[in-house]
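Take a look at the structure below.
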Amino acid sequence: MGSNHVDVIIVGAGGSGLAAAVSCGEQGLKTIVLEACPQTGGTTGIAVGSFTAAETEHQRKAGVRDSSSQHAVDLANFAPKEIEKRNNARAREFFTEHAAETLEWLQSHGVKFVGPAPEPPNSQPRMHNVIPGAKAYVAKLQLAARKVNARIQTHSTVTELLIESGRVLGVEYQSQDGKRHQLFADRGVVLATGDYANNPELIKRFKGPGYEKIEGINPHACGLGHLLAEQAGANLVNMDVTYGPELRFISTSVRPFQQWLPVSGPLAAIQALLTRCLPDWIFKKIIKRLLVTWQHPESSLFDEGAILVNHNGQRFCDETCVQSRNLDVSNQPEGQAFILLGPAQTQQFSNWPHFISTAPDIAYAYVDDYLRLRPDISYRADNLLDLASLVTLPYENLKATAEQAFESGDQGPWVILGPVKSYFTTTEGSAVINQAFQVMDRHDKVIPGLFAIGQCGLNGMILWSHGCHIAWAMTSGRLVGKSL
Ligand SMILES: Cc1cc2nc3c(=O)[nH]c(=O)nc-3n(C[C@H](O)[C@H](O)[C@H](O)COP(=O)(O)OP(=O)(O)OC[C@H]3O[C@@H](n4cnc5c(N)ncnc54)[C@H](O)[C@@H]3O)c2cc1C
C-alpha cells in the first residue's frame, strides 16, 4: 500500500469521526481521519454531552426496567407533529437498538457517565451525562484512536471526492499551506462532517429565504460533507428540518466551568469516582451551571409579559409569536436583542414554577441564578436610568418602551438578560444511507465506496430528545467500522 493509499478515509474528527477511527482501527484497518479545523472535536466538543439510551448497565444498577423498543416509541413524543411525521421509523429503531452497546463500548475506552436522569416525555430515565463534559468524548476517543494506530490529521479540508466509473476512490484535500493532496481508500470514504447549521446558502436553498442570517452555534458547521455527497449523486432528505432557530444567550467569554475539569489522568479518575457518589444537590448545582451556559430562555417569559428590546432600546416584535420572533431578532442591529423583565416578571421568575431555563426534572435556573452565574449577560437595577447605563442602551428609548409595555412606572426591580441571538442548534437533513452506512443515490442505488455517519448520515431520523444526536454520532461511528 503506497503512502497515499489507506483502507479507510474518515472526513471529520468530531464525535462520529473519532468513534469511527477507533472502530476501524479495532478491525485492523489502516485508517486516516482528515479534519478541517486546527483542532478535533467539531460540534461534539462544544456540546453538553448527554447520551440517551435504553437497557444500559447504569439503568439496571438504578433498578430501571426499560427497553429499546419503548425508547423508540417515546421518541415520537418530542418533536412537533409536522416534524415527527418526517421521521424514518426503521432507522430510528435501529438506532435505539444499538445505543446501549455503544455506551458500554465508550466506557470500555475510558469515557465515564453519570445517570440515568429523567427527561419527560421519556417514560423512563434514559439520559446519561458524560463527565466532566463533552470534551471527554474527544479526549478519550483520540487516545483510543492512537492506540489502534488510526492517524488524525488536522488542518486538512476535504474539497473533493475522487470518483471513477461511479465509485468513490478517495479524496482531494487542502492542507494548511494551501497545497492540494490526493489520498485513496481501498475500503471506503466515510463522511463524518457534521451538520450545515452555519451554511446560509444551504439553509436558504432548503428552508427558504429569511433564515440565512441566522447563524449556527458552531461556526464551523458548514455542511461540506452534504455538498460532497450531493455532488456524488446522493439522495438528501429532511434538509429543511432544523433544530431552531431558537433564542440563546451569547456565549460567555470565560471558558465554561466544566471545560476546566480534567478529562484524563488520575485527577479525572478521582473526579469520576466523586461524581458517582455526589449527593443530588451538588449534582444539580453542576447541571445548573451548564444550564445558564448553554440553555435557551423559555418562551413562557414572554407569555408572562417580558419583552424584547434591541440595541436602540426599542421593541420590535410580538414576542409570543415564536417563529416570527426568532426571525425578527436576526434582523435587529448586530442580530441581537435583550430580554426586559418588569418588576412583576422579575419577582415571578425568581421561583418555581416560573424558570428562565431548564433541563427538565433535573435543574431549573431563575433570575438570581443568572445574576450570580452569568454576570456578563444579566443586569438588575431599581430604576430604568441605572438599567440603561448598566447595559449601555439609550435611556429615553428604553423608558418610552417600558412605559408602553409595563404599567409599573419607573420603580423596579428591572432585569435585563442578554444579548440573545437566534441560532440554529443543529440541522437534521442528511444523505440517505442503508444499514451498512453506504450512501444511496437518487435512484436508491448504493454509491460504491461512500459512507456517511453522525449528522451527515442521519438518514431521515428525527432525534429531538436531549442526548440522541451524540448517541447516534457515536453509534454510527462504532458500527461503520464493523461494516467496513
Ligand atoms: C451547544 C450544543 C449543545 C449540544 N448538546 C448536545 C447534547 O448534550 N447531547 C446530544 O446528543 N447532542 C447535543 N448537541 C448536538 C450534537 O453535539 C451534534 O449533533 C453531534 O455531536 C454531531 O456529531 P458529528 O460527529 O456528526 O459532527 P461534529 O462533531 O460536528 O464533527 C464534524 C467534524 O467534521 C469536520 N469537517 C467538516 N467538513 C470537513 C471537511 N470537508 N474536511 C475535513 N473535516 C471536515 C468539522 O470541522 C468537525 O470537526 C448539541 C449541539 C450544540 C450546538
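Here's how to read the names in the C-alpha cells: chain A, B, ... by the order shown, residue numbers from 1 in each chain, ligand numbers from 1 in the order shown.
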To check your reading of the model: which residues sit at most 6 Å from ligand 1 when counting only C-alpha atoms and all ligand atoms? Write the answer as a PyMOL selection string.
chain A and resi 11-17+34-37+40-44+46-51+156-159+192-194+217-218+220+224-225+294+425+454-455+466-471+473
Could you go through stretch 90-235 of chain A and tell me which residues DSSP, when run on the backbone, assigns to helix (DSSP H, G or I), listing them as an MDAnalysis selection string?
chainID A and resid 90:108 135:147 200:207 224:231
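All residues of protein, DNA or RNA that reach within 9 Å of A:His71, judged by only C-alpha atoms and not counting those fewer than 5 positions away in the chain, are A:Ala53, A:Ala54, A:Asp66, A:Glu93, A:Thr96, A:Glu97, A:Asn122, A:Ser123, A:Gln124, A:Arg126.
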With N, CA and C atoms retained, export the selected residues as a tab-separated table (two decimals), in the first residue's frame.
chain	number	residue	atom	x	y	z
A	53	ALA	N	-29.96	6.52	26.09
A	53	ALA	CA	-30.02	5.12	25.65
A	53	ALA	C	-30.85	4.31	26.63
A	54	ALA	N	-31.42	3.22	26.13
A	54	ALA	CA	-32.22	2.32	26.98
A	54	ALA	C	-31.52	0.97	27.12
A	66	ASP	N	-36.25	-1.15	31.38
A	66	ASP	CA	-36.50	-0.37	30.17
A	66	ASP	C	-36.29	-1.24	28.94
A	93	GLU	N	-35.49	2.95	14.99
A	93	GLU	CA	-35.50	1.72	15.80
A	93	GLU	C	-34.11	1.08	15.80
A	96	THR	N	-32.02	3.01	18.33
A	96	THR	CA	-32.28	2.74	19.76
A	96	THR	C	-31.82	1.32	20.15
A	97	GLU	N	-31.89	0.38	19.18
A	97	GLU	CA	-31.43	-0.99	19.47
A	97	GLU	C	-29.94	-1.05	19.79
A	122	ASN	N	-39.89	11.09	27.91
A	122	ASN	CA	-39.37	9.72	28.02
A	122	ASN	C	-40.04	9.06	29.23
A	123	SER	N	-40.51	7.82	29.04
A	123	SER	CA	-41.25	7.17	30.13
A	123	SER	C	-40.30	6.62	31.19
A	124	GLN	N	-39.01	6.52	30.88
A	124	GLN	CA	-38.01	6.02	31.84
A	124	GLN	C	-36.81	6.97	31.87
A	126	ARG	N	-33.40	7.93	31.02
A	126	ARG	CA	-32.50	7.37	29.99
A	126	ARG	C	-31.32	8.28	29.67
Long-range neighbours of A:Phe437 as a PyMOL selection string, 7 Å cut-off, only C-alpha atoms, 4 positions minimum in chain
chain A and resi 433+451-453+480
Would you export the selected residues with N, CA and C atoms as a short mmCIF file (atom, residue, chain, number, x, y, z; two decimals), in the first residue's frame, please?
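Contents of the output file out.cif:
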data_model
loop_
_atom_site.label_atom_id
_atom_site.label_comp_id
_atom_site.auth_asym_id
_atom_site.auth_seq_id
_atom_site.Cartn_x
_atom_site.Cartn_y
_atom_site.Cartn_z
N ILE A 433 -28.88 6.64 3.79
CA ILE A 433 -27.88 5.55 3.84
C ILE A 433 -28.62 4.22 4.06
N PHE A 451 -19.61 6.35 2.40
CA PHE A 451 -20.34 6.06 3.65
C PHE A 451 -20.63 7.37 4.36
N ALA A 452 -21.68 7.42 5.19
CA ALA A 452 -21.97 8.65 5.95
C ALA A 452 -22.45 8.29 7.34
N ILE A 453 -22.01 9.09 8.32
CA ILE A 453 -22.37 8.83 9.72
C ILE A 453 -22.66 10.15 10.45
N VAL A 480 -19.94 1.75 11.79
CA VAL A 480 -19.41 1.82 10.42
C VAL A 480 -18.07 1.08 10.34
#
What's the 7 Å shell around A:Val189, counting only C-alpha atoms, without same-chain residues fewer than 6 positions away, as an NGL selection string?
:A and (8-10 or 170 or 449-451)
Go ahead and save the picked residues with N, CA and C atoms, as a short mmCIF file (atom, residue, chain, number, x, y, z; two decimals), in the first residue's frame.
data_model
loop_
_atom_site.label_atom_id
_atom_site.label_comp_id
_atom_site.auth_asym_id
_atom_site.auth_seq_id
_atom_site.Cartn_x
_atom_site.Cartn_y
_atom_site.Cartn_z
N VAL A 8 -9.22 3.11 4.91
CA VAL A 8 -10.40 3.97 5.14
C VAL A 8 -9.97 5.42 5.33
N ILE A 9 -10.68 6.32 4.68
CA ILE A 9 -10.50 7.76 4.94
C ILE A 9 -11.76 8.23 5.65
N ILE A 10 -11.57 8.84 6.81
CA ILE A 10 -12.71 9.42 7.52
C ILE A 10 -12.60 10.94 7.41
N GLY A 170 -11.38 7.97 -3.42
CA GLY A 170 -10.58 8.70 -2.44
C GLY A 170 -11.02 10.15 -2.37
N GLY A 449 -18.24 2.80 -2.32
CA GLY A 449 -17.08 3.46 -1.71
C GLY A 449 -17.43 4.66 -0.84
N LEU A 450 -18.72 5.03 -0.73
CA LEU A 450 -19.06 6.24 0.05
C LEU A 450 -19.98 5.88 1.22
N PHE A 451 -19.61 6.35 2.40
CA PHE A 451 -20.34 6.06 3.65
C PHE A 451 -20.63 7.37 4.36
#
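Of the residues under consideration (A:Leu393, A:Leu162, A:Val367, A:Ala221), A:Leu162 shows the shortest atom-to-atom contact distance to A:Pro448 when counting only C-alpha atoms.
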Can you list, as a VMD selection string, every protein, DNA or RNA residue that comes within 6 Å of stretch 108-118 of chain A when you count only C-alpha atoms, leaving out same-chain residues fewer than 3 positions away?
chain A and resid 105 125 to 131
Residue subset to file, keeping N, CA and C atoms, as a PDB file, in the first residue's frame:
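Ended up saving to selection_17.pdb:
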ATOM      1  N   TRP A 105     -19.389   0.411  25.071  1.00  0.00           N
ATOM      2  CA  TRP A 105     -18.139   0.467  24.285  1.00  0.00           C
ATOM      3  C   TRP A 105     -17.344   1.733  24.636  1.00  0.00           C
ATOM      4  N   PRO A 125     -36.081   7.009  32.990  1.00  0.00           N
ATOM      5  CA  PRO A 125     -34.840   7.802  32.980  1.00  0.00           C
ATOM      6  C   PRO A 125     -33.831   7.164  32.025  1.00  0.00           C
ATOM      7  N   ARG A 126     -33.400   7.934  31.018  1.00  0.00           N
ATOM      8  CA  ARG A 126     -32.502   7.366  29.993  1.00  0.00           C
ATOM      9  C   ARG A 126     -31.322   8.278  29.671  1.00  0.00           C
ATOM     10  N   MET A 127     -31.313   9.470  30.277  1.00  0.00           N
ATOM     11  CA  MET A 127     -30.267  10.409  29.882  1.00  0.00           C
ATOM     12  C   MET A 127     -29.018  10.166  30.730  1.00  0.00           C
ATOM     13  N   HIS A 128     -27.914   9.822  30.064  1.00  0.00           N
ATOM     14  CA  HIS A 128     -26.639   9.599  30.738  1.00  0.00           C
ATOM     15  C   HIS A 128     -25.767  10.808  30.418  1.00  0.00           C
ATOM     16  N   ASN A 129     -25.118  11.370  31.428  1.00  0.00           N
ATOM     17  CA  ASN A 129     -24.296  12.560  31.184  1.00  0.00           C
ATOM     18  C   ASN A 129     -22.824  12.233  31.339  1.00  0.00           C
ATOM     19  N   VAL A 130     -22.059  12.628  30.336  1.00  0.00           N
ATOM     20  CA  VAL A 130     -20.634  12.335  30.325  1.00  0.00           C
ATOM     21  C   VAL A 130     -19.924  13.245  31.331  1.00  0.00           C
ATOM     22  N   ILE A 131     -18.914  12.727  32.003  1.00  0.00           N
ATOM     23  CA  ILE A 131     -18.183  13.561  32.962  1.00  0.00           C
ATOM     24  C   ILE A 131     -16.743  13.762  32.472  1.00  0.00           C
TER      25      ILE A 131
END
Distance query stretch 299-305 of chain A at most 7 Å, only C-alpha atoms, self and fewer than 5 positions along chain excluded, as an MDAnalysis selection string
chainID A and resid 319:320 345 356
Prev. selection, C-alpha atoms, output as a tab-separated table (two decimals), in the first residue's frame:
chain	number	residue	atom	x	y	z
A	319	GLU	CA	-42.64	38.10	21.39
A	320	THR	CA	-45.34	35.43	21.81
A	345	GLN	CA	-41.75	39.23	35.88
A	356	ILE	CA	-35.80	31.06	32.81
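The set of residues in stretch 72-166 of chain A assigned to strand (DSSP E) by DSSP, using only backbone atoms of this structure, is Lys112, Phe113, Val114, Gly115, Pro116, Ala117, Met127, His128, Asn129, Val130, Ile131, Arg151, Ile152, Gln153, Thr157, Val158, Thr159, Glu160, Leu161, Leu162, Ile163 and Glu164 of chain A.
In this model, the gap between atom CA of A:Glu164 and atom CA of A:Val439 comes to 16.0 Å.
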I'd like the interatomic distance between atom CA of A:Ile307 and atom CA of A:Ala405, to a tenth of an Å.
7.7 Å
